[in-house]
file query.tsv (TSV, C-alpha atoms (C1' of nucleotides))
chain	number	residue	atom	x	y	z
A	1	MET	CA	5.47	2.36	6.79
A	2	CYS	CA	2.00	2.90	5.52
A	3	GLY	CA	-0.49	0.05	5.27
A	4	ARG	CA	-3.79	1.48	6.41
A	5	VAL	CA	-5.31	4.94	5.92
A	6	THR	CA	-8.33	7.16	6.50
A	7	LEU	CA	-10.07	9.55	4.17
A	8	VAL	CA	-12.91	11.37	5.84
A	9	ALA	CA	-12.87	14.55	3.76
A	10	ASP	CA	-15.79	15.14	1.44
A	11	ARG	CA	-15.40	15.19	-2.32
A	12	GLU	CA	-15.22	18.94	-2.58
A	13	LYS	CA	-12.32	19.16	-0.15
A	14	VAL	CA	-10.25	16.71	-2.18
A	15	GLU	CA	-11.10	18.46	-5.44
A	16	ASN	CA	-10.18	21.83	-3.97
A	17	TYR	CA	-6.92	20.52	-2.56
A	18	PHE	CA	-5.84	19.20	-5.96
A	19	GLU	CA	-7.58	22.03	-7.84
A	20	ILE	CA	-9.32	19.65	-10.25
A	21	PRO	CA	-12.67	17.81	-10.31
A	22	PHE	CA	-12.93	14.02	-10.40
A	23	GLU	CA	-13.24	12.16	-13.69
A	24	GLY	CA	-16.89	11.56	-14.51
A	25	TRP	CA	-17.58	8.19	-12.92
A	26	ALA	CA	-15.24	8.76	-9.99
A	27	GLY	CA	-17.17	11.71	-8.60
A	28	GLU	CA	-20.31	9.76	-7.81
A	29	ARG	CA	-18.29	6.76	-6.75
A	30	TYR	CA	-16.42	8.95	-4.27
A	31	ASP	CA	-19.62	9.72	-2.44
A	32	GLN	CA	-20.32	5.98	-2.10
A	33	LEU	CA	-16.83	4.98	-0.89
A	34	PHE	CA	-16.10	7.81	1.52
A	35	PRO	CA	-15.79	8.72	4.32
A	36	LEU	CA	-13.40	5.79	4.75
A	37	TYR	CA	-12.28	5.16	8.32
A	38	ASN	CA	-10.29	2.00	7.60
A	39	GLY	CA	-8.73	2.05	4.16
A	40	ALA	CA	-6.63	-0.98	3.26
A	41	PRO	CA	-4.73	-2.37	0.28
A	42	THR	CA	-7.13	-3.23	-2.61
A	43	HIS	CA	-9.39	-0.33	-1.62
A	44	TYR	CA	-10.01	2.61	-3.94
A	45	LEU	CA	-8.43	5.98	-3.08
A	46	PRO	CA	-8.32	9.31	-4.91
A	47	VAL	CA	-5.21	9.63	-7.07
A	48	LEU	CA	-3.95	12.70	-8.93
A	49	LEU	CA	-2.44	11.46	-12.20
A	50	GLN	CA	-0.31	13.24	-14.75
A	51	GLU	CA	-0.97	11.53	-18.07
A	52	GLU	CA	-1.39	13.60	-21.22
A	53	GLU	CA	-3.55	15.71	-18.98
A	54	ARG	CA	-3.83	15.92	-15.25
A	55	LYS	CA	-6.63	13.76	-13.86
A	56	LEU	CA	-8.18	13.03	-10.50
A	57	ASP	CA	-9.43	9.45	-10.41
A	58	LEU	CA	-10.00	6.47	-8.12
A	59	LEU	CA	-7.41	3.68	-8.24
A	60	GLN	CA	-6.88	0.55	-6.18
A	61	TRP	CA	-4.09	0.26	-3.64
A	62	GLY	CA	-1.42	-2.36	-4.36
A	63	LEU	CA	0.63	-1.92	-7.51
A	64	VAL	CA	0.24	-4.55	-10.23
A	65	PRO	CA	2.95	-4.04	-12.87
A	66	PHE	CA	1.81	-4.39	-16.47
A	67	TRP	CA	3.81	-7.60	-16.93
A	68	ALA	CA	2.24	-9.44	-13.98
A	69	LYS	CA	0.59	-12.82	-14.65
A	70	ASP	CA	-2.03	-12.26	-12.00
A	71	ARG	CA	-2.92	-9.55	-9.54
A	72	LYS	CA	-1.56	-11.31	-6.46
A	73	ILE	CA	1.73	-9.42	-6.64
A	74	GLY	CA	-0.25	-6.32	-5.73
A	75	TYR	CA	-0.62	-7.59	-2.18
A	76	LYS	CA	3.12	-7.19	-1.78
A	77	LEU	CA	3.63	-3.93	-3.66
A	78	ILE	CA	1.72	-1.57	-1.38
A	79	ASN	CA	4.82	0.49	-0.55
A	80	ALA	CA	7.93	1.48	-2.48
A	81	SER	CA	11.07	2.70	-0.72
A	82	VAL	CA	12.14	6.12	-2.00
A	83	GLU	CA	15.79	5.12	-1.74
A	84	THR	CA	15.44	2.36	-4.35
A	85	VAL	CA	12.28	3.16	-6.29
A	86	ALA	CA	14.15	4.33	-9.40
A	87	GLU	CA	15.94	0.99	-9.80
A	88	LYS	CA	13.58	-1.75	-8.68
A	89	PRO	CA	12.14	-3.76	-11.61
A	90	SER	CA	8.61	-3.51	-10.23
A	91	PHE	CA	8.74	0.27	-9.87
A	92	ARG	CA	11.27	1.86	-12.22
A	93	ASN	CA	8.95	2.22	-15.22
A	94	ALA	CA	6.21	3.77	-13.14
A	95	PHE	CA	8.77	5.99	-11.44
A	96	LYS	CA	9.87	7.37	-14.80
A	97	LYS	CA	6.45	7.88	-16.33
A	98	ARG	CA	3.63	7.48	-13.86
A	99	ARG	CA	4.24	9.28	-10.62
A	100	CYS	CA	1.06	10.29	-8.81
A	101	LEU	CA	-0.31	11.70	-5.56
A	102	ILE	CA	-2.75	9.96	-3.22
A	103	ALA	CA	-5.14	11.89	-0.99
A	104	VAL	CA	-5.60	10.71	2.60
A	105	ASP	CA	-6.22	12.57	5.83
A	106	GLY	CA	-4.62	10.10	8.18
A	107	TYR	CA	-2.87	6.74	8.36
A	108	TYR	CA	-2.42	4.04	10.97
A	109	GLU	CA	0.68	2.52	12.49
A	110	TRP	CA	0.85	-0.38	14.94
A	111	VAL	CA	3.14	-0.69	17.93
A	112	LEU	CA	3.68	-4.00	19.70
A	113	LYS	CA	2.94	-3.54	23.41
A	114	ASN	CA	3.01	-6.58	25.68
A	115	GLY	CA	2.45	-8.78	22.69
A	116	LYS	CA	-0.59	-6.78	21.54
A	117	LYS	CA	-0.82	-4.79	18.34
A	118	VAL	CA	-1.81	-1.27	19.37
A	119	PRO	CA	-2.88	1.10	16.59
A	120	PHE	CA	-2.14	4.81	16.35
A	121	ARG	CA	-3.52	7.32	13.88
A	122	ILE	CA	-1.19	9.92	12.37
A	123	VAL	CA	-2.75	13.12	11.02
A	124	PRO	CA	-1.52	16.44	9.60
A	125	GLU	CA	-1.14	19.04	12.32
A	126	ASP	CA	-3.31	21.53	10.43
A	127	GLY	CA	-6.13	19.07	9.85
A	128	SER	CA	-5.81	19.25	6.07
A	129	LEU	CA	-5.01	16.44	3.68
A	130	PHE	CA	-1.85	14.46	3.10
A	131	ALA	CA	-0.75	14.25	-0.52
A	132	LEU	CA	1.23	11.01	-0.55
A	133	CYS	CA	3.77	10.42	-3.29
A	134	GLY	CA	2.97	7.30	-5.26
A	135	LEU	CA	3.28	5.43	-8.53
A	136	SER	CA	0.47	4.16	-10.72
A	137	GLU	CA	0.09	1.28	-13.16
A	138	SER	CA	-2.51	-0.12	-15.49
A	139	TRP	CA	-2.72	-3.90	-15.84
A	140	THR	CA	-4.95	-6.00	-18.04
A	141	ASP	CA	-6.16	-9.29	-16.59
A	142	PRO	CA	-5.33	-11.90	-19.25
A	143	LYS	CA	-8.27	-14.04	-18.11
A	144	SER	CA	-11.04	-11.48	-18.14
A	145	GLY	CA	-9.46	-8.85	-20.35
A	146	LYS	CA	-10.42	-6.26	-17.76
A	147	GLU	CA	-8.20	-3.34	-16.89
A	148	LEU	CA	-7.04	-2.86	-13.30
A	149	ARG	CA	-5.61	0.48	-12.29
A	150	THR	CA	-3.47	0.43	-9.18
A	151	PHE	CA	-0.97	2.46	-7.18
A	152	THR	CA	1.71	2.12	-4.51
A	153	ILE	CA	2.68	4.58	-1.77
A	154	VAL	CA	6.31	5.71	-1.54
A	155	THR	CA	7.92	5.61	1.91
A	156	MET	CA	10.93	7.34	3.47
A	157	PRO	CA	12.72	7.38	6.83
A	158	ALA	CA	10.43	8.55	9.62
A	159	ALA	CA	10.54	12.12	10.91
A	160	ASP	CA	11.64	12.59	14.52
A	161	SER	CA	8.09	13.47	15.60
A	162	ILE	CA	6.79	9.98	14.83
A	163	SER	CA	9.92	7.84	14.86
A	164	HIS	CA	8.83	6.34	18.18
A	165	LEU	CA	6.03	4.59	16.25
A	166	HIS	CA	8.01	3.42	13.22
A	167	HIS	CA	11.25	4.04	11.39
A	168	ARG	CA	9.45	4.56	8.05
A	169	MET	CA	6.64	6.86	7.02
A	170	PRO	CA	4.83	7.78	3.81
A	171	PHE	CA	6.49	10.42	1.64
A	172	ALA	CA	4.05	13.36	1.75
A	173	ILE	CA	4.48	16.71	0.03
A	174	LEU	CA	2.80	20.12	0.11
A	175	PRO	CA	0.98	21.70	-2.87
A	176	GLY	CA	4.04	23.79	-3.80
A	177	ASP	CA	5.90	20.59	-4.70
A	178	PHE	CA	3.10	18.76	-6.53
A	179	GLU	CA	4.40	19.86	-9.91
A	180	ASN	CA	7.93	18.70	-9.15
A	181	TRP	CA	6.81	15.24	-8.11
A	182	LEU	CA	4.39	14.77	-10.98
A	183	GLN	CA	6.41	16.20	-13.85
A	184	GLY	CA	9.92	17.03	-12.67
A	185	GLU	CA	13.06	15.43	-14.05
A	186	LEU	CA	13.82	14.37	-10.49
A	187	SER	CA	17.52	13.87	-10.28
A	188	GLU	CA	18.70	12.19	-7.12
A	189	LYS	CA	19.43	15.65	-5.76
A	190	ASP	CA	15.89	16.90	-6.51
A	191	LEU	CA	14.45	13.85	-4.82
A	192	GLN	CA	16.65	14.43	-1.81
A	193	LYS	CA	15.39	17.99	-1.60
A	194	LEU	CA	11.78	16.84	-1.73
A	195	THR	CA	12.21	14.24	0.99
A	196	ASP	CA	13.98	16.79	3.16
A	197	GLU	CA	10.96	19.04	2.87
A	198	ALA	CA	8.40	16.27	3.31
A	199	ALA	CA	5.43	17.73	5.06
A	200	VAL	CA	4.60	14.68	7.11
A	201	ARG	CA	7.16	15.70	9.69
A	202	PHE	CA	4.59	18.19	10.92
A	203	SER	CA	2.25	15.40	11.89
A	204	LYS	CA	0.90	14.27	15.22
A	205	ALA	CA	-0.18	10.83	16.43
A	206	TYR	CA	-2.75	9.49	18.85
A	207	ARG	CA	-3.85	6.08	20.01
A	208	VAL	CA	-7.05	4.55	18.64
A	209	SER	CA	-9.15	1.44	19.28
A	210	THR	CA	-7.88	-2.01	18.28
A	211	GLU	CA	-11.14	-2.27	16.35
A	212	VAL	CA	-9.19	-0.74	13.50
A	213	ASN	CA	-7.10	-3.92	13.23
A	214	ALA	CA	-9.90	-5.73	11.43
A	215	VAL	CA	-10.58	-4.29	7.99
A	216	ARG	CA	-14.28	-5.19	8.25
A	217	ASN	CA	-14.65	-2.45	10.88
A	218	ASN	CA	-15.28	0.90	9.23
A	219	HIS	CA	-17.07	3.48	11.32
A	220	GLU	CA	-16.56	6.93	12.75
A	221	GLY	CA	-15.59	5.57	16.16
A	222	LEU	CA	-12.27	4.36	14.77
A	223	LEU	CA	-11.06	7.97	14.70
A	224	LYS	CA	-11.72	8.49	18.39
A	225	PRO	CA	-8.68	8.91	20.63
A	226	VAL	CA	-8.21	6.15	23.23
A	227	GLU	CA	-6.47	6.74	26.55
A	228	GLU	CA	-2.96	5.36	26.85
A	229	GLU	CA	-2.91	2.39	29.21
A	230	SER	CA	-1.31	3.22	32.53
A	231	SER	CA	1.08	0.31	32.36
A	232	GLY	CA	3.59	0.58	35.18
A	233	PRO	CA	6.86	-1.32	35.38
A	234	LEU	CA	4.93	-4.37	36.62
A	235	PHE	CA	3.32	-4.79	33.24
A	236	ASP	CA	6.34	-4.09	31.12
A	237	GLN	CA	8.33	-6.97	29.70
B	1	DC	C1'	20.73	-20.64	-22.83
B	2	DC	C1'	16.29	-21.07	-19.54
B	3	DA	C1'	13.99	-20.31	-15.01
B	4	DG	C1'	12.55	-17.45	-11.70
B	5	DA	C1'	12.09	-13.20	-9.47
B	6	DC	C1'	10.33	-8.81	-9.58
B	7	DG	C1'	8.66	-5.91	-2.45
B	8	DT	C1'	8.66	-3.78	2.36
B	9	DT	C1'	8.54	-4.36	7.09
B	10	DG	C1'	9.77	-6.38	11.24
B	11	DT	C1'	11.66	-10.14	13.73
B	12	DT	C1'	14.84	-13.95	14.72
C	1	DG	C1'	9.25	-6.63	-19.66
C	2	DT	C1'	13.85	-7.22	-17.83
C	3	DC	C1'	17.34	-8.70	-14.87
C	4	DT	C1'	19.81	-12.18	-12.07
C	5	DG	C1'	21.32	-16.67	-11.08
C	6	DG	C1'	22.57	-21.16	-12.41
D	1	DC	C1'	-1.19	-3.04	7.40
D	2	DC	C1'	-3.89	-7.11	10.10
D	3	DA	C1'	-7.05	-11.15	10.06
D	4	DG	C1'	-8.05	-15.40	8.60
D	5	DA	C1'	-7.42	-19.36	5.93
D	6	DC	C1'	-4.73	-23.14	4.98
D	7	DG	C1'	-8.92	-28.97	1.37
D	8	DT	C1'	-11.61	-32.22	-1.55
D	9	DT	C1'	-15.67	-34.57	-2.70
D	10	DG	C1'	-20.31	-34.90	-3.25
D	11	DT	C1'	-24.79	-33.30	-2.13
D	12	DT	C1'	-28.33	-29.72	-1.17
E	1	DG	C1'	4.73	-20.70	8.54
E	2	DT	C1'	2.88	-18.48	4.57
E	3	DC	C1'	-0.40	-16.81	1.54
E	4	DT	C1'	-4.73	-14.40	0.37
E	5	DG	C1'	-8.24	-11.04	1.04
E	6	DG	C1'	-9.87	-6.65	2.45
call {"tool": "encode", "arguments": {"input": "query.tsv", "output": "structure tokens"}}
result
Amino acid sequence: MCGRVTLVADREKVENYFEIPFEGWAGERYDQLFPLYNGAPTHYLPVLLQEEERKLDLLQWGLVPFWAKDRKIGYKLINASVETVAEKPSFRNAFKKRRCLIAVDGYYEWVLKNGKKVPFRIVPEDGSLFALCGLSESWTDPKSGKELRTFTIVTMPAADSISHLHHRMPFAILPGDFENWLQGELSEKDLQKLTDEAAVRFSKAYRVSTEVNAVRNNHEGLLKPVEEESSGPLFDQ
DNA sequence: CCAGACGTTGTT
DNA sequence: GTCTGG
DNA sequence: CCAGACGTTGTT
DNA sequence: GTCTGG
């Protein structure tokens, strides 16, 4: 699945990738929030939105549907399965009207080894960005009256190249398909075609420090590859 | 009718 | 808001 | 996703 | 065990 990400790219790289500048406030904010070595649910990430116009903005991870009584549900809705996203009550409205793309340049997966959670970082083979398919929502807090803008990341079955880490992965597409995801009619067949072409299959993975487990850690060292432990049969369960 | 859920993942 | 379950 | 809290009262 | 917070 996809529950922790990195975004190290500078603002210009993201703007160039999506061919659009950030909304006014988001541009300066970007420079404060990134590089992000340990991005978690509730954090802000760059999101390409297709409203009346196309916009590049910063939204918070963890979808809060407009009907929610409080924002807690967002802790659960960090991923949406592509197989069911069109039907689920929490997602179907956003799937119809508010599909979006999230920019990251890596994400983390954990593998249980000898009872320890060992993190790996998955990156695009060409070192560019991932554009992750997502859904966005806008929710108004009934207590404060403040608007909260959130998103969820769509997942799909893992590609062979990373299936040894997990059986799910984020649904990532290349620029040629951005238009289809954002504005297309998206019949089941179209969606199938998009998932078949999902770019993330061209990704590679490497082990990183368990420092990444704690969200409070956020420094360049988290990206550094860590040697695989030479655990012989003696250490295996 | 009203009440309660609305999600994914991994593990048992 | 909308659907399911009771 | 993982880590960390999980509680109330009264006082500083 | 389960929920909240980041």
call {"tool": "axis_aligned_box", "arguments": {"input": "query.tsv", "around": "segment 177-180 of chain A", "padding_each_side": "8 Å", "output": "AutoDock Vina command-line options"}}
result
--center_x 5.5 --center_y 19.6 --center_z -7.3 --size_x 20.8 --size_y 17.9 --size_z 21.2
call {"tool": "closest_atom_pairs", "arguments": {"input": "query.tsv", "of": "chain A", "to": "chain B", "cutoff": "10 Å", "atoms": "only C-alpha atoms (C1' of nucleotides)", "output": "tab-separated table"}}
result
residue	atom	partner	partner_atom	distance
A:Met1	CA	B:DT9	C1'	7.4
A:Cys2	CA	B:DT9	C1'	9.9
A:Pro65	CA	B:DC6	C1'	9.4
A:Trp67	CA	B:DC6	C1'	9.9
A:Ala68	CA	B:DC6	C1'	9.2
A:Ile73	CA	B:DG7	C1'	8.8
A:Gly74	CA	B:DG7	C1'	9.5
A:Tyr75	CA	B:DG7	C1'	9.4
A:Lys76	CA	B:DG7	C1'	5.7
A:Leu77	CA	B:DG7	C1'	5.5
A:Ile78	CA	B:DT8	C1'	8.2
A:Asn79	CA	B:DT8	C1'	6.4
A:Ala80	CA	B:DT8	C1'	7.2
A:Ser81	CA	B:DT8	C1'	7.6
A:Lys88	CA	B:DC6	C1'	7.8
A:Pro89	CA	B:DC6	C1'	5.7
A:Ser90	CA	B:DC6	C1'	5.6
A:Phe91	CA	B:DC6	C1'	9.2
A:Thr155	CA	B:DT8	C1'	9.4
A:His166	CA	B:DT9	C1'	9.9
A:His167	CA	B:DT9	C1'	9.8
A:Arg168	CA	B:DT9	C1'	9.0
call {"tool": "residues_around", "arguments": {"input": "query.tsv", "residues": "segment 98-114 of chain A", "least_positions_apart": "4", "cutoff": "8 Å", "atoms": "all atoms listed in the file", "output": "JSON, numbers by chain"}}
result
{"A": [1, 2, 3, 4, 5, 6, 7, 8, 9, 14, 45, 46, 47, 48, 49, 50, 51, 93, 94, 118, 119, 120, 121, 122, 123, 124, 127, 128, 129, 130, 131, 132, 133, 134, 135, 136, 137, 153, 165, 166, 178, 181, 182, 183, 235, 236, 237], "D": [1]}
call {"tool": "closest_residue", "arguments": {"input": "query.tsv", "among": "A:Glu87, A:Asp10, A:Glu15, A:Glu211", "to": "chain C", "atoms": "all atoms listed in the file"}}
result
A:Glu87
call {"tool": "closest_atom_pairs", "arguments": {"input": "query.tsv", "of": "chain C", "to": "chain A", "cutoff": "9 Å", "atoms": "only C-alpha atoms (C1' of nucleotides)", "output": "CSV"}}
result
residue,atom,partner,partner_atom,distance
C:DG1,C1',A:Trp67,CA,6.2
C:DT2,C1',A:Pro89,CA,7.3
C:DC3,C1',A:Pro89,CA,7.9
